[in-house]
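Asker: mmCIF, C-alpha atoms, saved as target-v6.cif, coming up:
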data_target
loop_
_atom_site.label_atom_id
_atom_site.label_comp_id
_atom_site.auth_asym_id
_atom_site.auth_seq_id
_atom_site.Cartn_x
_atom_site.Cartn_y
_atom_site.Cartn_z
CA MET A 27 39.09 -2.16 26.18
CA LYS A 28 39.92 0.35 23.43
CA ASN A 29 38.94 -2.19 20.75
CA ALA A 30 35.58 -2.74 22.43
CA LEU A 31 34.91 1.02 22.49
CA LYS A 32 35.89 1.34 18.83
CA ILE A 33 33.58 -1.51 17.87
CA LEU A 34 30.76 -0.03 19.96
CA GLY A 35 31.35 3.40 18.37
CA ILE A 36 31.30 1.93 14.86
CA ILE A 37 28.07 0.05 15.61
CA LEU A 38 26.49 3.19 17.11
CA ILE A 39 27.48 5.42 14.17
CA GLY A 40 26.36 2.74 11.70
CA GLY A 41 22.99 2.47 13.45
CA ILE A 42 22.49 6.24 13.39
CA LEU A 43 23.39 6.44 9.69
CA LEU A 44 21.04 3.54 8.93
CA PHE A 45 18.25 5.32 10.86
CA VAL A 46 18.82 8.64 9.06
CA PHE A 47 19.18 7.28 5.52
CA ASP A 48 16.72 4.36 6.03
CA PRO A 49 17.29 2.40 2.81
CA ALA A 50 14.26 1.18 0.89
CA PHE A 51 13.74 -2.42 -0.15
CA ASN A 52 11.21 -3.47 -2.76
CA ARG A 53 8.38 -5.76 -1.74
CA THR A 54 5.74 -7.25 -4.01
CA GLU A 55 1.97 -7.69 -3.75
CA LYS A 56 0.72 -10.48 -6.02
CA PHE A 57 -2.52 -12.00 -7.16
CA ALA A 58 -2.87 -14.45 -10.05
CA ASP A 59 -0.52 -13.27 -12.82
CA TYR A 60 -0.49 -9.66 -11.64
CA SER A 61 1.88 -7.95 -9.23
CA THR A 62 2.95 -4.53 -8.05
CA GLU A 63 5.97 -3.39 -6.06
CA TYR A 64 6.26 -0.97 -3.17
CA GLU A 65 9.02 0.38 -0.95
CA TRP A 66 9.52 -1.08 2.50
CA ARG A 67 11.91 0.64 4.90
CA VAL A 68 13.77 -0.84 7.87
CA PHE A 69 12.90 2.05 10.22
CA ASN A 70 9.50 2.76 8.61
CA ASN A 71 10.69 6.18 7.39
CA SER A 72 10.82 7.31 11.04
CA TYR A 73 13.48 9.99 10.60
CA CYS A 74 11.61 11.61 7.69
CA ASN A 75 8.35 11.51 9.66
CA TRP A 76 10.08 13.00 12.70
CA LYS A 77 11.59 15.85 10.64
CA THR A 78 8.36 16.61 8.73
CA HIS A 79 5.88 15.87 11.54
CA GLY A 80 4.33 12.86 9.80
CA HIS A 81 4.35 14.03 6.19
CA CYS A 82 6.24 11.05 4.77
CA ALA A 83 4.81 7.78 3.53
CA ASP A 84 5.39 4.90 5.94
CA ASN A 85 5.43 1.17 5.20
CA ASN A 86 1.71 0.78 5.85
CA LEU A 87 0.73 3.57 3.43
CA ASN A 88 3.06 2.19 0.76
CA LYS A 89 1.49 -1.27 1.14
CA ILE A 90 -2.06 0.11 1.01
CA ASN A 91 -1.26 2.03 -2.18
CA ALA A 92 0.33 -1.06 -3.73
CA GLU A 93 -2.76 -3.13 -2.90
CA ARG A 94 -5.03 -0.47 -4.41
CA LYS A 95 -2.87 -0.35 -7.53
CA LEU A 96 -3.03 -4.16 -7.79
CA TRP A 97 -6.82 -4.22 -7.42
CA LYS A 98 -7.18 -1.46 -10.03
CA THR A 99 -4.93 -3.47 -12.36
CA LEU A 100 -7.11 -6.53 -11.78
CA ALA A 101 -10.21 -4.48 -12.65
CA ASP A 102 -8.49 -3.03 -15.74
CA ASN A 103 -7.58 -6.47 -17.02
CA TYR A 104 -10.75 -8.31 -15.95
CA SER A 105 -12.14 -10.48 -18.74
CA GLY A 106 -14.41 -12.94 -16.97
CA GLU A 107 -11.96 -14.82 -14.72
CA LYS A 108 -13.81 -16.24 -11.73
CA ASN A 109 -10.92 -15.85 -9.26
CA ILE A 110 -10.47 -12.15 -10.12
CA LYS A 111 -14.23 -11.55 -9.87
CA GLU A 112 -14.35 -13.18 -6.42
CA LYS A 113 -11.26 -11.31 -5.24
CA LEU A 114 -12.55 -7.88 -6.26
CA GLU A 115 -16.00 -8.52 -4.81
CA ASN A 116 -14.46 -9.73 -1.53
CA VAL A 117 -12.17 -6.70 -1.37
CA VAL A 118 -15.11 -4.32 -1.76
CA LEU A 119 -17.22 -6.27 0.74
CA SER A 120 -14.52 -6.71 3.41
CA ASN A 121 -13.00 -3.22 3.35
CA TYR A 122 -15.17 -0.59 5.06
CA HIS A 123 -13.79 2.29 2.96
CA PHE A 124 -14.46 0.53 -0.35
CA ASN A 125 -17.87 -0.68 0.77
CA MET A 126 -18.93 2.83 1.83
CA THR A 127 -17.58 4.36 -1.38
CA TYR A 128 -19.39 1.74 -3.42
CA THR A 129 -22.76 1.80 -1.67
CA GLU A 130 -23.07 5.41 -0.45
CA HIS A 131 -21.04 7.55 -2.84
CA LEU A 132 -21.92 5.64 -5.99
CA ASN A 133 -25.48 4.82 -4.82
CA ILE A 134 -25.21 1.14 -5.76
CA SER A 135 -26.72 -1.37 -3.35
CA GLU A 136 -25.68 -4.74 -4.78
CA ILE A 137 -22.01 -5.42 -5.42
CA LYS A 138 -21.44 -6.53 -9.00
CA ILE A 139 -18.23 -6.94 -10.92
CA ASP A 140 -19.45 -4.77 -13.82
CA SER A 141 -19.87 -1.72 -11.59
CA ILE A 142 -16.56 -2.42 -9.80
CA VAL A 143 -14.80 -2.36 -13.16
CA LYS A 144 -16.73 0.75 -14.23
CA TYR A 145 -15.94 2.72 -11.06
CA LYS A 146 -12.46 1.30 -10.40
CA ASP A 147 -10.89 4.79 -10.42
CA ASP A 148 -13.20 5.98 -7.63
CA LEU A 149 -12.93 2.78 -5.59
CA PHE A 150 -9.20 2.12 -5.76
CA GLU A 151 -7.92 5.67 -5.60
CA GLN A 152 -4.37 6.01 -4.28
CA LEU A 153 -3.74 7.65 -0.91
CA PHE A 154 -1.09 10.37 -0.98
CA ILE A 155 0.56 12.64 1.51
CA ASP A 156 1.03 16.22 0.26
#
Translate the structure described by the file into structure tokens.

Answerer:
Amino acid sequence: MKNALKILGIILIGGILLFVFDPAFNRTEKFADYSTEYEWRVFNNSYCNWKTHGHCADNNLNKINAERKLWKTLADNYSGEKNIKEKLENVVLSNYHFNMTYTEHLNISEIKIDSIVKYKDDLFEQLFID
């Protein structure tokens, strides 16, 4: 019985320490020959968000920023590749935020790769928590 309580105590303390320190693992977003890494946490940075009332980046925000960084990298390195052109145009068309930024803020009605490359900094701006 004492061994079972010791094991249970060790598991409980280990779980609490894992929750508090929440180690980060690197994940990768890839397209063609380009990739970017972001941090993924087991408990989704829950302890930090609890202590700061939501002012810590969670897994979803880290992934969104990594995708935006990847798309900006694709636009930076675009030199006529058809698959990159189609990917960037589809990203702008399928994502409401990018589509609104492109059509309303930049006052451009037709989505073209030249204007995506030109306004890549406005379109694929990183999201941050201050």

Asker: Tell me, as a short mmCIF file (atom, residue, chain, number, x, y, z; two decimals) with C-alpha atoms, keeping the file's coordinate frame, which residues lie within 12 Å of A:Asn75, counting only C-alpha atoms; anything in the same chain fewer than 2 positions away does not count.

Answerer:
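So the final result, stored in out31.cif, reads:
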data_model
loop_
_atom_site.label_atom_id
_atom_site.label_comp_id
_atom_site.auth_asym_id
_atom_site.auth_seq_id
_atom_site.Cartn_x
_atom_site.Cartn_y
_atom_site.Cartn_z
CA PHE A 45 18.25 5.32 10.86
CA VAL A 46 18.82 8.64 9.06
CA ASP A 48 16.72 4.36 6.03
CA PHE A 69 12.90 2.05 10.22
CA ASN A 70 9.50 2.76 8.61
CA ASN A 71 10.69 6.18 7.39
CA SER A 72 10.82 7.31 11.04
CA TYR A 73 13.48 9.99 10.60
CA LYS A 77 11.59 15.85 10.64
CA THR A 78 8.36 16.61 8.73
CA HIS A 79 5.88 15.87 11.54
CA GLY A 80 4.33 12.86 9.80
CA HIS A 81 4.35 14.03 6.19
CA CYS A 82 6.24 11.05 4.77
CA ALA A 83 4.81 7.78 3.53
CA ASP A 84 5.39 4.90 5.94
CA ASN A 85 5.43 1.17 5.20
CA ILE A 155 0.56 12.64 1.51
#

Asker: Applied to this file, what does the PyMOL selection byres ((chain A and resi 152) around 6) return in terms of residues, put as a PDB file with C-alpha atoms, keeping the file's coordinate frame?

Answerer:
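File produced: selection.pdb:
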ATOM      1  CA  ASN A  91      -1.260   2.030  -2.180  1.00  0.00           C
ATOM      2  CA  GLU A 151      -7.920   5.670  -5.600  1.00  0.00           C
ATOM      3  CA  LEU A 153      -3.740   7.650  -0.910  1.00  0.00           C
TER       4      LEU A 153
END

Asker: I need the output of the PyMOL selection byres ((chain A and resi 116-119) around 10) for this file as a ChimeraX atom specification; which residues are they?

Answerer: /A:94,97,110-115,120-129,137-138,142,149-150

Asker: Excluding A:Asn52 and residues on its chain fewer than 4 positions from it, collect all residues at most 9 Å away from it, counting only C-alpha atoms, and give them as a list in words.

Answerer: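 That gives Glu63, Tyr64, Glu65, Trp66 and Arg67 of chain A.
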
Asker: Quick one: residues within 9 Å of A:Tyr60, all atoms listed in the file, excluding same-chain residues fewer than 2 positions away - as a list in words?

Answerer: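 Neighbouring residues, sequence-local ones excluded: Glu55, Lys56, Phe57, Ala58, Thr62, Leu96, Thr99 and Leu100 of chain A.
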
Asker: Rounded to one decimal in Å, what is the spacing between atom CA of A:Ser105 and atom CA of A:Tyr145?

Answerer: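 These atoms are spaced 15.7 Å apart.
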
Asker: Between atom CA of A:Ser135 and atom CA of A:Leu87, what is the spacing in Å?

Answerer: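 Computing the Euclidean distance for atom CA of A:Leu87 and atom CA of A:Ser135 yields 28.7 Å.
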
Asker: Work out how far atom CA of A:Lys95 is from atom CA of A:Val143, in Å to one decimal.

Answerer: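 These two atoms are separated by 13.3 Å.
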